[in-house]
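Participant: Coordinates in entry19.csv, CSV, C-alpha atoms, are listed below.
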chain,number,residue,atom,x,y,z
Q,93,MET,CA,54.2,72.3,49.7
Q,94,GLU,CA,57.8,71.5,50.7
Q,95,GLU,CA,56.9,72.0,54.3
Q,96,LEU,CA,53.9,69.7,54.0
Q,97,ILE,CA,56.1,67.1,52.3
Q,98,ALA,CA,58.7,67.2,55.1
Q,99,GLN,CA,55.9,66.9,57.7
Q,100,LEU,CA,54.3,64.0,55.8
Q,101,LYS,CA,57.6,62.1,55.6
Q,102,GLY,CA,58.0,62.3,59.4
Q,103,LYS,CA,54.5,61.1,59.9
Q,104,ILE,CA,55.0,58.2,57.5
Q,105,ILE,CA,58.2,57.1,59.3
Q,106,GLU,CA,56.3,57.2,62.6
Q,107,ALA,CA,53.2,55.5,61.5
Q,108,LEU,CA,55.0,52.7,59.6
Q,109,ASN,CA,57.7,52.4,62.2
Q,110,LEU,CA,60.4,52.8,59.5
Q,111,VAL,CA,63.1,53.0,62.2
Q,112,ASP,CA,66.0,52.9,59.8
Q,113,LEU,CA,64.9,55.9,57.8
Q,114,THR,CA,65.1,59.7,58.3
Q,115,PRO,CA,62.9,62.1,56.3
Q,116,GLU,CA,66.0,62.9,54.2
Q,117,ASP,CA,66.2,59.3,53.1
Q,118,ILE,CA,62.8,59.4,51.5
Q,119,ASP,CA,62.6,60.6,47.9
Q,120,ALA,CA,59.4,62.6,47.6
Q,121,ASP,CA,59.0,61.5,44.0
Q,122,ALA,CA,59.9,57.8,44.5
Q,123,PRO,CA,57.0,55.2,44.4
Q,124,LEU,CA,55.8,54.2,47.9
Q,125,PHE,CA,54.7,50.7,46.9
Q,126,GLY,CA,56.6,48.0,45.1
Q,127,GLU,CA,59.9,49.9,44.5
Q,128,GLY,CA,61.0,52.8,46.6
Q,129,LEU,CA,60.0,52.2,50.2
Q,130,GLY,CA,58.6,48.8,49.3
Q,131,LEU,CA,55.4,49.2,51.3
Q,132,ASP,CA,52.6,46.6,51.3
Q,133,SER,CA,48.8,46.4,51.7
Q,134,ILE,CA,48.9,46.7,55.5
Q,135,ASP,CA,51.0,49.9,55.1
Q,136,ALA,CA,48.3,51.1,52.7
Q,137,LEU,CA,45.7,50.8,55.6
Q,138,GLU,CA,48.1,52.6,57.9
Q,139,LEU,CA,48.4,55.4,55.4
Q,140,ILE,CA,44.6,55.7,55.0
Q,141,LEU,CA,44.5,56.0,58.8
Q,142,LEU,CA,47.3,58.6,58.8
Q,143,MET,CA,45.3,60.8,56.3
Q,144,GLU,CA,42.2,60.6,58.3
Q,145,LYS,CA,43.8,61.2,61.7
Q,146,ASN,CA,46.0,64.0,60.8
Q,147,TYR,CA,44.3,65.7,57.9
Q,148,GLY,CA,40.6,64.7,58.2
Q,149,ILE,CA,40.6,63.0,54.8
Q,150,ARG,CA,38.6,59.8,54.5
Q,151,LEU,CA,39.4,57.8,51.4
Q,152,LYS,CA,36.2,55.8,50.6
Q,153,ASN,CA,37.2,54.4,47.3
Q,154,PRO,CA,40.2,51.9,47.5
Q,155,ALA,CA,41.0,52.6,43.8
Q,156,GLU,CA,41.5,56.2,44.8
Q,157,GLY,CA,44.2,55.2,47.2
Q,158,LYS,CA,46.2,53.7,44.4
Q,159,GLU,CA,46.5,57.1,42.8
Q,160,VAL,CA,46.9,59.1,46.0
Q,161,PHE,CA,49.7,56.9,47.4
Q,162,LYS,CA,51.9,57.0,44.3
Q,163,SER,CA,54.6,59.0,46.0
Q,164,VAL,CA,54.9,61.4,49.0
Q,165,ARG,CA,54.6,64.4,46.7
Q,166,VAL,CA,51.3,63.1,45.2
Q,167,MET,CA,50.1,62.4,48.7
Q,168,ALA,CA,51.0,65.9,49.8
Q,169,GLU,CA,49.3,67.5,46.8
Q,170,TYR,CA,46.1,65.5,47.6
Q,171,ILE,CA,46.2,66.5,51.2
Q,172,ALA,CA,46.7,70.1,50.4
Q,173,ALA,CA,43.6,70.0,48.1
Q,174,HIS,CA,41.3,68.0,50.4
Q,175,ARG,CA,42.4,68.5,54.0
Q,176,THR,CA,39.7,69.4,56.5
Q,177,LYS,CA,42.1,70.0,59.4
I,78,MET,CA,50.5,4.6,74.2
I,79,ILE,CA,53.5,3.6,72.1
I,80,ASP,CA,56.7,4.1,74.1
I,81,ARG,CA,58.5,6.1,71.4
I,82,ARG,CA,61.7,7.9,72.5
I,83,ILE,CA,61.4,11.7,72.2
I,84,TYR,CA,64.5,13.7,71.7
I,85,VAL,CA,65.3,17.4,72.2
I,86,LEU,CA,67.3,18.2,69.1
I,87,GLY,CA,67.6,21.9,69.6
I,88,ALA,CA,67.0,24.6,72.3
I,89,ALA,CA,67.5,28.3,72.5
I,90,GLN,CA,66.7,31.2,74.7
I,91,VAL,CA,66.4,35.0,75.0
I,92,SER,CA,66.0,36.0,78.6
I,93,VAL,CA,67.6,38.1,81.3
I,94,GLN,CA,70.7,36.0,80.7
I,95,GLU,CA,73.0,36.5,77.7
I,96,PRO,CA,70.8,35.9,74.7
I,97,LEU,CA,71.2,32.8,72.4
I,98,SER,CA,74.0,31.6,74.6
I,99,SER,CA,74.6,29.0,77.4
I,100,SER,CA,77.1,31.3,79.1
I,101,TRP,CA,74.7,31.4,82.1
I,102,LEU,CA,76.1,28.0,83.0
I,103,ASP,CA,79.5,29.5,83.9
I,104,HIS,CA,78.8,33.2,84.1
I,105,PRO,CA,75.2,33.8,85.2
I,106,VAL,CA,74.0,37.4,85.1
I,107,PRO,CA,73.0,38.3,88.6
I,108,LEU,CA,69.4,39.4,88.9
I,109,GLU,CA,68.9,42.6,90.8
I,110,GLY,CA,65.7,44.6,91.4
I,111,GLY,CA,62.0,43.8,91.2
I,112,TYR,CA,61.6,44.0,87.4
I,113,LEU,CA,64.0,43.3,84.6
I,114,ARG,CA,63.6,43.3,80.8
I,115,ALA,CA,65.3,40.7,78.7
I,116,ARG,CA,68.7,41.1,77.1
I,117,ASP,CA,68.0,41.1,73.4
I,118,PRO,CA,70.5,40.1,70.7
I,119,GLN,CA,71.4,42.5,67.9
I,120,TRP,CA,68.1,42.0,66.0
I,121,ARG,CA,69.6,43.2,62.7
I,122,ASP,CA,71.8,40.1,62.7
I,123,TYR,CA,68.8,37.8,62.6
I,124,LEU,CA,65.8,39.7,61.1
I,125,SER,CA,65.4,42.0,58.2
I,126,ALA,CA,64.4,45.7,58.6
I,127,LEU,CA,61.0,44.9,57.1
I,128,GLN,CA,60.4,42.1,59.7
I,129,LEU,CA,61.6,44.2,62.6
I,130,ARG,CA,59.4,47.2,62.0
I,131,ARG,CA,56.2,45.2,62.6
I,132,MET,CA,57.4,42.9,65.4
I,133,GLY,CA,57.2,43.7,69.0
I,134,PRO,CA,59.7,42.1,71.5
I,135,ILE,CA,57.9,38.8,71.9
I,136,LEU,CA,57.7,38.2,68.2
I,137,ARG,CA,61.3,39.0,67.6
I,138,ARG,CA,62.4,36.8,70.5
I,139,ALA,CA,60.1,34.0,69.4
I,140,MET,CA,61.4,34.2,65.8
I,141,VAL,CA,65.1,34.1,66.7
I,142,THR,CA,64.8,31.4,69.4
I,143,SER,CA,62.7,29.2,67.0
I,144,GLN,CA,65.2,29.7,64.2
I,145,ALA,CA,68.1,28.8,66.5
I,146,ALA,CA,66.4,25.7,67.9
I,147,LEU,CA,65.3,24.5,64.5
I,148,ASP,CA,68.7,25.2,62.8
I,149,GLY,CA,67.2,24.8,59.4
I,150,ALA,CA,64.8,22.0,60.2
I,151,VAL,CA,61.1,22.3,59.4
I,152,PRO,CA,58.9,20.9,62.2
I,153,GLU,CA,55.7,19.0,61.5
I,154,ALA,CA,53.8,20.9,64.2
I,155,ILE,CA,54.1,24.1,66.3
I,156,MET,CA,53.0,24.3,69.9
I,157,THR,CA,53.2,27.6,71.7
I,158,GLY,CA,52.8,28.5,75.3
I,159,THR,CA,52.2,32.1,76.4
I,160,GLY,CA,50.6,33.6,79.4
I,161,LEU,CA,49.7,37.0,77.9
I,162,GLY,CA,50.7,36.8,74.2
I,163,CYS,CA,51.6,40.0,72.4
I,164,ILE,CA,50.8,42.2,75.3
I,165,GLU,CA,52.7,45.2,74.0
I,166,HIS,CA,50.6,45.4,70.9
I,167,THR,CA,47.5,44.7,72.9
I,168,GLU,CA,48.2,47.6,75.2
I,169,GLN,CA,48.8,49.8,72.2
I,170,PHE,CA,45.6,48.7,70.6
I,171,LEU,CA,43.5,49.2,73.7
I,172,THR,CA,45.1,52.6,74.3
I,173,ASP,CA,44.2,53.6,70.7
I,174,LEU,CA,40.7,52.2,71.2
I,175,CYS,CA,40.2,54.4,74.3
I,176,THR,CA,41.8,57.5,73.1
I,177,GLY,CA,40.5,57.3,69.5
I,178,GLY,CA,36.9,56.8,70.4
I,179,GLU,CA,36.9,53.2,68.9
I,180,GLU,CA,37.8,54.6,65.5
I,181,MET,CA,40.9,54.8,63.4
I,182,LEU,CA,42.6,51.8,64.9
I,183,SER,CA,45.9,50.6,63.5
I,184,PRO,CA,45.6,47.4,61.6
I,185,ALA,CA,49.1,46.3,62.7
I,186,GLY,CA,48.1,46.7,66.3
I,187,PHE,CA,44.9,44.8,65.8
I,188,MET,CA,46.5,41.9,64.0
I,189,GLN,CA,49.2,41.5,66.5
I,190,SER,CA,47.2,41.8,69.7
I,191,THR,CA,46.2,38.1,69.9
I,192,HIS,CA,47.8,35.3,71.8
I,193,ASN,CA,48.3,33.1,68.8
I,194,THR,CA,50.2,35.7,66.7
I,195,VAL,CA,53.4,34.2,67.9
I,196,GLY,CA,52.7,30.6,66.7
I,197,SER,CA,51.2,31.9,63.5
I,198,LEU,CA,54.2,34.1,62.6
I,199,VAL,CA,56.6,31.2,63.4
I,200,ALA,CA,54.6,29.0,61.1
I,201,ILE,CA,54.8,31.6,58.3
I,202,GLN,CA,58.5,32.1,58.7
I,203,THR,CA,59.2,28.3,58.8
I,204,ARG,CA,56.7,27.7,56.0
I,205,ASN,CA,54.9,25.3,58.2
I,206,HIS,CA,51.3,24.4,57.2
I,207,GLY,CA,50.8,21.7,59.8
I,208,TYR,CA,49.3,21.5,63.3
I,209,ASN,CA,49.5,24.8,65.2
I,210,CYS,CA,48.2,25.4,68.6
I,211,THR,CA,48.7,28.0,71.3
I,212,TYR,CA,48.1,27.4,75.0
I,213,SER,CA,47.5,30.2,77.4
I,214,GLN,CA,47.2,28.5,80.8
I,215,GLY,CA,48.9,30.9,83.2
I,216,SER,CA,52.1,29.4,84.6
I,217,LEU,CA,51.4,26.1,83.0
I,218,SER,CA,51.2,27.5,79.4
I,219,PHE,CA,54.4,26.1,78.3
I,220,GLU,CA,53.9,22.6,79.9
I,221,SER,CA,50.5,22.5,78.2
I,222,ALA,CA,52.2,23.1,74.8
I,223,LEU,CA,54.9,20.6,75.6
I,224,LEU,CA,52.4,17.9,76.7
I,225,ASP,CA,50.5,18.3,73.4
I,226,ALA,CA,53.8,17.7,71.5
I,227,PHE,CA,54.8,14.9,73.9
I,228,VAL,CA,51.5,13.0,73.5
I,229,GLN,CA,51.3,13.4,69.7
I,230,LEU,CA,55.0,12.3,69.3
I,231,ARG,CA,54.4,9.3,71.6
I,232,LEU,CA,51.3,8.3,69.5
I,233,GLY,CA,53.2,8.7,66.3
I,234,LYS,CA,50.8,11.3,65.0
I,235,ILE,CA,53.7,13.6,64.4
I,236,HIS,CA,57.4,13.1,64.2
I,237,SER,CA,58.7,16.5,65.0
I,238,ALA,CA,57.5,19.6,66.8
I,239,LEU,CA,58.7,23.1,67.7
I,240,VAL,CA,57.6,23.9,71.2
I,241,GLY,CA,58.0,27.5,72.5
I,242,GLY,CA,57.3,29.4,75.6
I,243,HIS,CA,57.2,33.2,75.1
I,244,ASP,CA,56.1,36.2,77.2
I,245,GLU,CA,56.9,39.9,77.2
I,246,THR,CA,56.4,41.9,80.4
I,247,THR,CA,55.9,45.6,79.7
I,248,PRO,CA,56.1,48.2,82.5
I,249,LYS,CA,52.3,48.4,82.5
I,250,THR,CA,52.0,44.7,82.6
I,251,TYR,CA,54.4,44.6,85.5
I,252,GLN,CA,52.3,47.2,87.4
I,253,VAL,CA,49.0,45.5,86.7
I,254,VAL,CA,49.7,41.8,86.6
I,255,ALA,CA,52.9,41.1,88.4
I,256,HIS,CA,51.5,41.9,91.8
I,257,THR,CA,48.3,39.9,91.3
I,258,CYS,CA,49.0,36.9,89.2
I,259,LEU,CA,52.8,36.4,89.6
I,260,SER,CA,54.7,35.7,92.7
I,261,GLU,CA,55.9,38.5,94.8
I,262,GLY,CA,58.9,36.5,95.8
I,263,THR,CA,62.6,37.3,96.0
I,264,VAL,CA,63.2,36.8,92.3
I,265,PRO,CA,62.4,39.7,89.9
I,266,VAL,CA,59.6,39.7,87.4
I,267,THR,CA,61.2,39.3,84.0
I,268,GLU,CA,60.3,38.1,80.5
I,269,GLY,CA,61.8,35.9,77.8
I,270,SER,CA,61.5,33.2,75.2
I,271,ALA,CA,62.6,29.6,74.9
I,272,ALA,CA,62.1,27.2,72.0
I,273,LEU,CA,62.7,23.5,71.8
I,274,TYR,CA,62.8,21.3,68.7
I,275,LEU,CA,61.6,17.8,69.5
I,276,SER,CA,61.7,14.7,67.3
I,277,ASP,CA,61.1,11.0,67.6
I,278,SER,CA,64.3,10.5,65.7
I,279,PRO,CA,67.8,11.5,66.7
I,280,ASP,CA,68.5,13.0,63.3
I,281,ARG,CA,71.2,15.1,64.7
I,282,GLU,CA,73.0,14.8,68.1
I,283,PRO,CA,70.3,15.2,70.7
I,284,LEU,CA,70.7,17.4,73.7
I,285,CYS,CA,68.6,15.0,75.8
I,286,ALA,CA,65.6,12.7,75.8
I,287,LEU,CA,62.2,13.7,77.2
I,288,THR,CA,61.2,10.4,78.9
I,289,GLY,CA,58.1,11.4,80.7
I,290,MET,CA,55.8,14.3,81.6
I,291,GLY,CA,52.4,15.2,82.9
I,292,ILE,CA,50.1,17.8,84.3
I,293,VAL,CA,48.3,16.9,87.5
I,294,ARG,CA,45.2,18.5,88.8
I,295,GLY,CA,45.3,19.3,92.4
I,296,ALA,CA,48.1,20.7,94.4
I,297,ASP,CA,48.5,18.3,97.2
I,298,PRO,CA,52.1,17.1,97.2
I,299,ALA,CA,51.0,13.7,98.5
I,300,GLU,CA,48.8,13.2,95.4
I,301,PHE,CA,51.5,14.6,93.1
I,302,LEU,CA,54.4,12.4,94.2
I,303,PRO,CA,53.0,9.0,92.9
I,304,HIS,CA,53.1,10.6,89.4
I,305,LEU,CA,56.9,10.9,89.7
I,306,GLU,CA,57.6,7.2,89.7
I,307,LYS,CA,59.4,7.5,86.4
I,308,ALA,CA,61.7,10.1,87.9
I,309,ALA,CA,63.1,7.7,90.5
I,310,ARG,CA,66.6,8.8,91.5
I,311,PRO,CA,67.1,12.0,89.5
I,312,ASP,CA,70.6,13.4,89.7
I,313,VAL,CA,69.1,16.9,90.2
I,314,ILE,CA,65.7,18.5,90.5
I,315,PHE,CA,64.8,21.8,88.7
I,316,ALA,CA,62.2,23.6,90.8
I,317,GLY,CA,60.3,26.8,90.5
I,318,ARG,CA,60.9,28.2,94.0
I,319,CYS,CA,60.8,31.9,93.9
I,320,GLY,CA,61.2,33.0,97.5
I,321,ARG,CA,57.6,33.4,98.3
I,322,ARG,CA,56.8,31.3,101.4
I,323,ASP,CA,53.4,29.9,100.3
I,324,VAL,CA,54.7,29.0,96.8
I,325,ASP,CA,57.9,27.5,98.0
I,326,ALA,CA,56.1,25.4,100.7
I,327,TRP,CA,54.7,23.2,97.9
I,328,TYR,CA,58.1,22.6,96.4
I,329,ASN,CA,59.7,21.9,99.7
I,330,ALA,CA,57.0,19.3,100.5
I,331,VAL,CA,57.7,17.5,97.2
I,332,LEU,CA,61.4,17.8,97.6
I,333,GLU,CA,61.3,16.1,101.0
I,334,ALA,CA,60.7,12.8,99.0
I,335,TYR,CA,64.2,13.3,97.5
I,336,PRO,CA,66.6,13.7,100.4
I,337,GLY,CA,70.1,14.5,99.3
I,338,VAL,CA,69.2,15.3,95.7
I,339,PRO,CA,70.5,18.7,94.6
I,340,VAL,CA,67.9,21.3,93.6
I,341,LEU,CA,68.3,24.0,91.0
I,342,ASP,CA,66.0,26.9,91.5
I,343,TYR,CA,65.9,28.0,87.9
I,344,LYS,CA,64.0,31.2,88.6
I,345,GLN,CA,67.1,32.5,90.3
I,346,LEU,CA,68.6,32.5,86.8
I,347,PHE,CA,65.7,33.6,84.7
I,348,GLY,CA,63.3,35.4,87.0
I,349,GLU,CA,59.5,35.1,87.1
I,350,PHE,CA,56.9,35.3,84.3
I,351,PHE,CA,54.1,33.1,83.1
I,352,SER,CA,56.1,30.9,80.7
I,353,VAL,CA,59.4,30.9,82.6
I,354,SER,CA,59.1,27.1,82.9
I,355,ALA,CA,60.1,27.1,79.3
I,356,LEU,CA,63.5,28.5,80.4
I,357,GLY,CA,63.7,26.0,83.2
I,358,ILE,CA,63.2,23.2,80.7
I,359,TYR,CA,65.5,24.7,78.2
I,360,ALA,CA,68.1,24.9,81.1
I,361,ALA,CA,67.5,21.2,81.9
I,362,ALA,CA,68.2,20.2,78.3
I,363,THR,CA,71.3,22.4,78.1
I,364,CYS,CA,72.7,21.1,81.4
I,365,LEU,CA,72.2,17.4,80.3
I,366,SER,CA,73.8,18.2,76.9
I,367,GLN,CA,76.8,19.9,78.5
I,368,GLY,CA,77.0,17.5,81.4
I,369,LYS,CA,77.2,20.2,84.0
I,370,LEU,CA,75.1,22.5,86.3
I,371,PRO,CA,75.4,26.2,86.6
I,372,VAL,CA,77.6,27.8,89.2
I,373,ALA,CA,76.2,29.5,92.3
I,374,PRO,CA,73.9,31.1,93.2
I,375,ALA,CA,71.5,28.9,91.2
I,376,CYS,CA,72.8,25.5,92.3
I,377,GLY,CA,76.5,25.3,92.9
I,378,THR,CA,76.3,21.6,93.8
I,379,GLU,CA,78.7,19.2,92.1
I,380,VAL,CA,77.0,16.1,90.6
I,381,ALA,CA,79.3,13.2,89.8
I,382,GLU,CA,77.4,12.3,86.6
I,383,LEU,CA,74.5,14.2,85.2
I,384,ARG,CA,72.1,11.7,83.6
I,385,LYS,CA,68.6,12.5,84.7
I,386,ILE,CA,66.8,15.7,85.6
I,387,LEU,CA,63.4,16.0,87.1
I,388,PHE,CA,61.5,19.3,86.4
I,389,ILE,CA,58.6,20.3,88.7
I,390,ASN,CA,56.3,23.3,88.6
I,391,HIS,CA,52.9,24.3,90.0
I,392,TYR,CA,50.4,26.9,89.4
I,393,GLU,CA,48.1,28.8,91.8
I,394,GLY,CA,47.8,25.7,94.0
I,395,ALA,CA,45.5,24.1,91.5
I,396,PHE,CA,47.7,22.4,88.9
I,397,ALA,CA,51.2,20.9,89.0
I,398,SER,CA,53.5,19.6,86.3
I,399,TYR,CA,56.5,17.4,85.9
I,400,ALA,CA,58.9,16.5,83.2
I,401,VAL,CA,61.8,14.0,83.1
I,402,PHE,CA,64.8,14.5,80.9
I,403,GLU,CA,67.6,12.0,80.5
I,404,LYS,CA,70.9,11.8,78.7
I,405,PRO,CA,70.2,10.1,75.4
I,406,CYS,CA,73.2,7.8,75.3
I,407,GLY,CA,72.6,4.1,75.4
I,408,ASP,CA,69.7,4.3,72.8
Starting from the file, lay out its structure as structure tokens.

Facilitator:
Amino acid sequence: MEELIAQLKGKIIEALNLVDLTPEDIDADAPLFGEGLGLDSIDALELILLMEKNYGIRLKNPAEGKEVFKSVRVMAEYIAAHRTK
Amino acid sequence: MIDRRIYVLGAAQVSVQEPLSSSWLDHPVPLEGGYLRARDPQWRDYLSALQLRRMGPILRRAMVTSQAALDGAVPEAIMTGTGLGCIEHTEQFLTDLCTGGEEMLSPAGFMQSTHNTVGSLVAIQTRNHGYNCTYSQGSLSFESALLDAFVQLRLGKIHSALVGGHDETTPKTYQVVAHTCLSEGTVPVTEGSAALYLSDSPDREPLCALTGMGIVRGADPAEFLPHLEKAARPDVIFAGRCGRRDVDAWYNAVLEAYPGVPVLDYKQLFGEFFSVSALGIYAAATCLSQGKLPVAPACGTEVAELRKILFINHYEGAFASYAVFEKPCGD
């Protein structure tokens, strides 16, 4: 799981162009939206894309995203359970 | 049309010269090579990390030049001229479209791959809800935007306007477009942004006054010259000669009507790109404000008193433009 979390942090930085951050700067348990990284709705779309591109997961229900994108750790757990690639 | 006086209250540039500075007047950066990217300021000094991560070069430059020209003012209208708009994001979006099989496209790339992203973002940042129009007319993009502002200000429909000319030239753009649409002259293909804040009231000390302008259909110098009556006896002419014989021939034919008048080839300072005329007009306003012309190689001619500048430009042999700028004193 820790390996997947580290990989996911790198992909998030790349996809969202978080040029100021390194994977070490991201707290795996901190909220992604609002506080923490302070992401917004466009970032949510980018994260949905990231999940589909890299792990073959298609989030069809927007309400599901609210739960899945709580933190990097929650995202990683969801990916581990649902990935198709 | 009501003969309202129109003032340039602010002007700023990011180009191949030192950014957000008029140091090009005394210490111009020499342009070498066939293709040069702009010299960007330290973005962190002007934009937050959140803004920076979504903006490509053209948006960053448009934002900082607009902020610098406005200096806290909120314009009534925003007119933008751009040849290719956010071409970097467009390239990224099209590449994703091709490689991703038209699926899984980045929303940020999609949103920012349009020509009017620049004007829209400037409006959001300046909290402007008024008139907003983007012109994409090749090398007359900026003058088209300026003419819109000029006419609306003259008619009293608006009282202030932010007019910008912005283009980014990526390496791919240079390869594809530069050799077809832009001049293969002796000046390099470059990129840049310039913004001017215009008003019908000299609320703050104006740089200069815009006393006349127009876009003329047809490229025959003999048909163009009668439009320049208002520009009688300019102290200097800013021309877009670029070192390509067929392009320069048009300018030389027009300049024959002004024997002895010094000519500043502004592309020697700022290079060549679709909206480089915005830099030429920014330079004219700055020169009038500071009462001097740049040193060689751009001009190097002493002018006893700099009071009036005639700016001329033409595009693809089909359209030509002119603008007259004067020192605002005596109003």

Participant: Around (44.7, 26.9, 73.2) in the file's frame, which residues reach within 10 Å when counting all atoms listed in the file? Return as a short mmCIF file (atom, residue, chain, number, x, y, z; two decimals) with C-alpha atoms, in the frame of the given file?

Facilitator:
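Wrote out.cif, looks like this:
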data_model
loop_
_atom_site.label_atom_id
_atom_site.label_comp_id
_atom_site.auth_asym_id
_atom_site.auth_seq_id
_atom_site.Cartn_x
_atom_site.Cartn_y
_atom_site.Cartn_z
CA MET I 156 53.00 24.30 69.90
CA THR I 157 53.20 27.60 71.70
CA GLY I 158 52.80 28.50 75.30
CA THR I 159 52.20 32.10 76.40
CA HIS I 192 47.80 35.30 71.80
CA ASN I 193 48.30 33.10 68.80
CA ASN I 209 49.50 24.80 65.20
CA CYS I 210 48.20 25.40 68.60
CA THR I 211 48.70 28.00 71.30
CA TYR I 212 48.10 27.40 75.00
CA SER I 213 47.50 30.20 77.40
CA GLN I 214 47.20 28.50 80.80
CA SER I 218 51.20 27.50 79.40
CA SER I 221 50.50 22.50 78.20
CA ALA I 222 52.20 23.10 74.80
#

Participant: Could you name the residues that touch stretch 163-171 of chain Q at 10 Å or less, counting all atoms listed in the file, but leaving out those on the same chain fewer than 2 positions away, as a PyMOL selection string?

Facilitator: chain Q and resi 93-101+104+118-125+128-129+139+143+146-149+157+159-161+173-177

Participant: In Å, with one decimal, what is the gap from atom CA of I:Leu108 to atom CA of I:Ser92?

Facilitator: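 Atom CA of I:Ser92 lies 11.4 Å from atom CA of I:Leu108.
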
Participant: Taking only C-alpha atoms into account, find every residue of chain I that has an atom no more than 8 Å from chain Q, and write it out as JSON, numbers by chain.

Facilitator: {"I": [126, 130, 131, 181, 182, 183, 184, 185]}

Participant: For I:Ala309, please output as a PyMOL selection string all residues within 12 Å (counting all atoms listed in the file; exclusion window: fewer than 5 positions along the same chain).

Facilitator: chain I and resi 289+302-304+314+334-335+338+385-387+401-403

Participant: Using C-alpha atoms, can you write the selected residues to a file as an mmCIF file, in the coordinates of the input?

Facilitator:
data_model
loop_
_atom_site.group_PDB
_atom_site.id
_atom_site.type_symbol
_atom_site.label_atom_id
_atom_site.label_comp_id
_atom_site.auth_asym_id
_atom_site.auth_seq_id
_atom_site.Cartn_x
_atom_site.Cartn_y
_atom_site.Cartn_z
ATOM 1 C CA GLY I 289 58.100 11.400 80.700
ATOM 2 C CA LEU I 302 54.400 12.400 94.200
ATOM 3 C CA PRO I 303 53.000 9.000 92.900
ATOM 4 C CA HIS I 304 53.100 10.600 89.400
ATOM 5 C CA ILE I 314 65.700 18.500 90.500
ATOM 6 C CA ALA I 334 60.700 12.800 99.000
ATOM 7 C CA TYR I 335 64.200 13.300 97.500
ATOM 8 C CA VAL I 338 69.200 15.300 95.700
ATOM 9 C CA LYS I 385 68.600 12.500 84.700
ATOM 10 C CA ILE I 386 66.800 15.700 85.600
ATOM 11 C CA LEU I 387 63.400 16.000 87.100
ATOM 12 C CA VAL I 401 61.800 14.000 83.100
ATOM 13 C CA PHE I 402 64.800 14.500 80.900
ATOM 14 C CA GLU I 403 67.600 12.000 80.500
#

Participant: Between I:Gly348, I:Pro339, I:Gly269, I:Gly394, single out the one closest to I:Val324, counting all atoms listed in the file.

Facilitator: I:Gly394

Participant: Between atom CA of I:Arg121 and atom CA of I:Asp148, what distance in Å does the model show, to one decimal?

Facilitator: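 Taking atom CA of I:Arg121 and atom CA of I:Asp148, their separation equals 18.0 Å.
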
Participant: Quick one: residues within 7 Å of I:Lys369, all atoms listed in the file counted, chain neighbours fewer than 4 positions away excluded, as a PDB file with C-alpha atoms, keeping the file's coordinate frame?

Facilitator:
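Output file around_30.pdb follows:
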ATOM      1  CA  CYS I 364      72.700  21.100  81.400  1.00  0.00           C
ATOM      2  CA  LEU I 365      72.200  17.400  80.300  1.00  0.00           C
ATOM      3  CA  LEU I 383      74.500  14.200  85.200  1.00  0.00           C
TER       4      LEU I 383
END

Participant: One number please: atom CA of I:Pro152 to atom CA of I:Ala238, in Å, one decimal.

Facilitator: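 Distance reported for this atom pair: 5.0 Å.
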
Participant: N, CA, C and O atoms are needed for stretch 356-363 of chain I; please write them out as an mmCIF file, in the frame of the given file.

Facilitator:
data_model
loop_
_atom_site.group_PDB
_atom_site.id
_atom_site.type_symbol
_atom_site.label_atom_id
_atom_site.label_comp_id
_atom_site.auth_asym_id
_atom_site.auth_seq_id
_atom_site.Cartn_x
_atom_site.Cartn_y
_atom_site.Cartn_z
ATOM 1 N N LEU I 356 62.026 28.297 80.147
ATOM 2 C CA LEU I 356 63.500 28.500 80.400
ATOM 3 C C LEU I 356 64.036 27.471 81.288
ATOM 4 O O LEU I 356 65.164 27.028 81.098
ATOM 5 N N GLY I 357 63.233 27.038 82.279
ATOM 6 C CA GLY I 357 63.700 26.000 83.200
ATOM 7 C C GLY I 357 63.931 24.687 82.408
ATOM 8 O O GLY I 357 64.925 23.986 82.618
ATOM 9 N N ILE I 358 63.042 24.392 81.490
ATOM 10 C CA ILE I 358 63.200 23.200 80.700
ATOM 11 C C ILE I 358 64.284 23.294 79.662
ATOM 12 O O ILE I 358 65.052 22.360 79.421
ATOM 13 N N TYR I 359 64.401 24.477 79.080
ATOM 14 C CA TYR I 359 65.500 24.700 78.200
ATOM 15 C C TYR I 359 66.846 24.507 78.980
ATOM 16 O O TYR I 359 67.793 23.889 78.481
ATOM 17 N N ALA I 360 66.888 25.017 80.239
ATOM 18 C CA ALA I 360 68.100 24.900 81.100
ATOM 19 C C ALA I 360 68.394 23.417 81.356
ATOM 20 O O ALA I 360 69.555 22.992 81.324
ATOM 21 N N ALA I 361 67.342 22.647 81.626
ATOM 22 C CA ALA I 361 67.500 21.200 81.900
ATOM 23 C C ALA I 361 68.152 20.514 80.698
ATOM 24 O O ALA I 361 69.101 19.726 80.824
ATOM 25 N N ALA I 362 67.624 20.810 79.515
ATOM 26 C CA ALA I 362 68.200 20.200 78.300
ATOM 27 C C ALA I 362 69.598 20.606 78.053
ATOM 28 O O ALA I 362 70.447 19.780 77.676
ATOM 29 N N THR I 363 69.896 21.864 78.312
ATOM 30 C CA THR I 363 71.300 22.400 78.100
ATOM 31 C C THR I 363 72.231 21.744 79.089
ATOM 32 O O THR I 363 73.354 21.364 78.725
#
